[in-house]
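Everything on this sheet refers to the single structure shown next.
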Amino acid sequence: MGHGGDGNLFRHAYAAHLQCIENFGDNSSTIYAGVISQSPSGTAGSLVKVGSGTLTFKGLDTLAGTVTVNGGAFVADGAIAGGITVNSGATLAGAGTVNGAVTINSGATFLPGSTVTNGAATNRMSTLTASSLTFGSGSVVTVNINGPTNYTQFTSSGPVSLGGATLQANLNYKPAPTDVFYIVLNNSSSATTPGFVGLAEGAVIHFSNGYLGRISYVGTGDGTAGNDVEIYNLAKGGAGTAIFFQ
């Protein structure tokens, strides 16, 4: 397998087969756009991200094992065959496709659709897709909203459990009365388990630019079961003309 970035990204651990690929702990950042494949034996391999740097993965990961992010940031812009687990102090970002489950443990950060450059989150409007999403209490998810169809998002084909995570929603424009932002699309028939810390169904969100909105965990952004997470204007579903307002 070839190397990306500065050429020292991966350490190979071989027995009879590839078991683990680790980011060197030298805190460097790099991009890898190649293929990570199983050994001929077919035994499940895995990838472990360590160090404080950013690994931007734009390639194809065919390993059946879980990607574990123990430090720095992992930007999943490619295709991941297994799941991703993010541990305390680490960050998951990206706009790729994860075939397995995404788990954001306590103390970890989730930046769906965004990227990370030089250790800082970059406001990129896109969607990360996976088979399920589970947050641990004490985790953080950040979404950026730049327009009615221009915002970061997560799409799941299975259950979504928000687990008491903290939501940081950044509204970066003046919204119209009818604007609705589906920050999580749950395309399964399973309910989305509320909720974010301090944000019960219908709770008011106070954006840093002075606007207000409400949150719902029973949105219908994908036209199905009423289990999407949406941020909407204060008058939605009722009488009156109240808008996102200052």
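Here's how to read the names in the structure tokens: chain A, B, ... by the order shown, residue numbers from 1 in each chain, ligand numbers from 1 in the order shown.
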Quiz item: stretch 131-146 of chain A: which residues within 7 Å, counting only C-alpha atoms, same-chain residues fewer than 2 positions away excluded, as a ChimeraX atom specification?
Solution: /A:98-111,123,150-152,156-173
Exercise. Could you check how far atom CA of A:Gly195 sits from atom CA of A:Tyr232, in Å to one decimal?
Key: 16.0 Å
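The nearest approach to A:Lys49 among the residues A:Ser29, A:Thr127, A:Asn70, A:Ser114, with only C-alpha atoms taken into account, belongs to A:Asn70.
The residue that comes closest to A:Thr149, out of A:Val229, A:Ala130, A:Ile183, A:Leu60 and on the basis of only C-alpha atoms, is A:Ile183.
Remark: for A:Ser52, the closest of the candidate residues A:Ala81, A:Ala33, A:Asn118, A:Ser189 is A:Asn118 (distances computed over only C-alpha atoms).
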Exercise. Can you check which residues of stretch 35-234 of chain A DSSP gives as strand (DSSP E) on the backbone and send them as a ChimeraX atom specification?
Key: /A:35-36,46-49,54-57,60-61,67-69,73-76,79-80,84-86,91-94,97-98,101-104,109-112,115-117,120-122,127-130,132-135,140-147,150-151,153-156,160-161,166-171,181-186,192-193,204-206,212-219,228-232
Can I get the selected residues back with C-alpha atoms, as a short mmCIF file (atom, residue, chain, number, x, y, z; two decimals), in the first residue's frame?
data_model
loop_
_atom_site.label_atom_id
_atom_site.label_comp_id
_atom_site.auth_asym_id
_atom_site.auth_seq_id
_atom_site.Cartn_x
_atom_site.Cartn_y
_atom_site.Cartn_z
CA VAL A 35 -6.96 1.79 -1.06
CA ILE A 36 -6.65 -0.01 2.28
CA SER A 46 -8.59 -2.26 11.41
CA LEU A 47 -7.29 1.28 11.37
CA VAL A 48 -6.34 3.23 14.49
CA LYS A 49 -5.76 7.01 14.35
CA THR A 54 -5.38 15.33 11.01
CA LEU A 55 -5.76 12.29 8.76
CA THR A 56 -7.96 13.13 5.77
CA PHE A 57 -9.03 9.87 4.18
CA LEU A 60 -11.38 3.25 -0.20
CA ASP A 61 -11.14 1.32 3.06
CA VAL A 67 -11.76 2.66 12.43
CA THR A 68 -10.84 3.89 15.91
CA VAL A 69 -9.95 7.57 16.38
CA ALA A 73 -8.99 14.42 13.73
CA PHE A 74 -10.10 11.82 11.21
CA VAL A 75 -11.77 13.34 8.13
CA ALA A 76 -13.81 10.59 6.48
CA ALA A 79 -15.66 5.09 1.66
CA ILE A 80 -15.32 3.10 4.90
CA ILE A 84 -15.98 4.39 13.13
CA THR A 85 -15.53 4.87 16.88
CA VAL A 86 -14.27 8.23 18.17
CA THR A 91 -12.70 14.46 16.31
CA LEU A 92 -14.58 12.92 13.40
CA ALA A 93 -15.40 15.06 10.37
CA GLY A 94 -15.97 14.43 6.69
CA THR A 97 -19.83 7.07 3.38
CA VAL A 98 -19.46 4.74 6.36
CA ALA A 101 -22.00 2.35 12.75
CA VAL A 102 -20.61 5.71 13.88
CA THR A 103 -20.08 6.00 17.65
CA ILE A 104 -19.08 9.32 19.23
CA THR A 109 -16.37 15.82 18.80
CA PHE A 110 -18.44 15.24 15.65
CA LEU A 111 -18.31 17.64 12.68
CA PRO A 112 -20.54 16.02 10.03
CA THR A 115 -13.38 19.21 7.34
CA VAL A 116 -10.40 20.02 9.55
CA THR A 117 -7.46 22.10 8.33
CA ALA A 120 -9.24 23.86 13.02
CA ALA A 121 -12.69 23.02 11.69
CA THR A 122 -13.37 24.39 8.21
CA THR A 127 -23.20 15.35 4.40
CA LEU A 128 -21.63 12.35 6.15
CA THR A 129 -23.56 9.08 5.73
CA ALA A 130 -23.48 5.94 7.89
CA SER A 132 -26.30 4.31 12.45
CA LEU A 133 -25.24 7.06 14.85
CA THR A 134 -24.74 6.85 18.62
CA PHE A 135 -23.57 9.67 20.88
CA VAL A 140 -20.26 17.39 21.12
CA VAL A 141 -21.72 17.78 17.62
CA THR A 142 -21.26 20.97 15.62
CA VAL A 143 -23.38 21.93 12.61
CA ASN A 144 -22.92 24.99 10.40
CA ILE A 145 -25.84 26.63 8.62
CA ASN A 146 -25.02 29.02 5.76
CA GLY A 147 -28.29 28.92 3.85
CA ASN A 150 -26.35 24.98 2.45
CA TYR A 151 -25.63 23.37 5.81
CA GLN A 153 -25.74 17.24 7.86
CA PHE A 154 -25.60 13.59 8.89
CA THR A 155 -27.63 10.88 7.16
CA SER A 156 -28.26 7.48 8.77
CA VAL A 160 -29.95 7.38 15.79
CA SER A 161 -29.31 7.85 19.52
CA THR A 166 -24.21 18.86 23.27
CA LEU A 167 -25.35 20.56 20.06
CA GLN A 168 -23.43 23.58 18.78
CA ALA A 169 -25.43 25.07 15.90
CA ASN A 170 -23.89 28.02 14.06
CA LEU A 171 -26.32 30.12 12.00
CA PHE A 181 -32.66 22.66 8.45
CA TYR A 182 -32.63 18.87 8.65
CA ILE A 183 -29.36 18.39 10.51
CA VAL A 184 -29.92 14.62 10.94
CA LEU A 185 -31.79 12.54 8.36
CA ASN A 186 -32.83 9.17 9.80
CA THR A 192 -34.46 9.01 16.84
CA THR A 193 -33.73 8.83 20.57
CA VAL A 204 -35.74 27.18 21.63
CA ILE A 205 -32.21 27.44 20.25
CA HIS A 206 -30.40 30.73 20.81
CA LEU A 212 -33.93 32.03 17.60
CA GLY A 213 -35.23 28.73 16.30
CA ARG A 214 -36.75 25.51 17.62
CA ILE A 215 -35.57 21.94 17.47
CA SER A 216 -37.59 18.81 16.71
CA TYR A 217 -36.69 15.13 16.75
CA VAL A 218 -39.73 14.07 14.72
CA GLY A 219 -39.04 15.92 11.46
CA ASP A 228 -35.37 13.43 11.56
CA VAL A 229 -33.70 16.15 13.62
CA GLU A 230 -34.67 19.58 12.34
CA ILE A 231 -34.23 23.22 13.31
CA TYR A 232 -37.14 25.37 12.23
#
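In this structure, atom CA of A:Gly53 sits 16.2 Å away from atom CA of A:Asp77.
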Exercise. Quote the spacing between atom CA of A:Ser126 and atom CA of A:Ala95 in Å to one decimal place.
Key: 5.9 Å
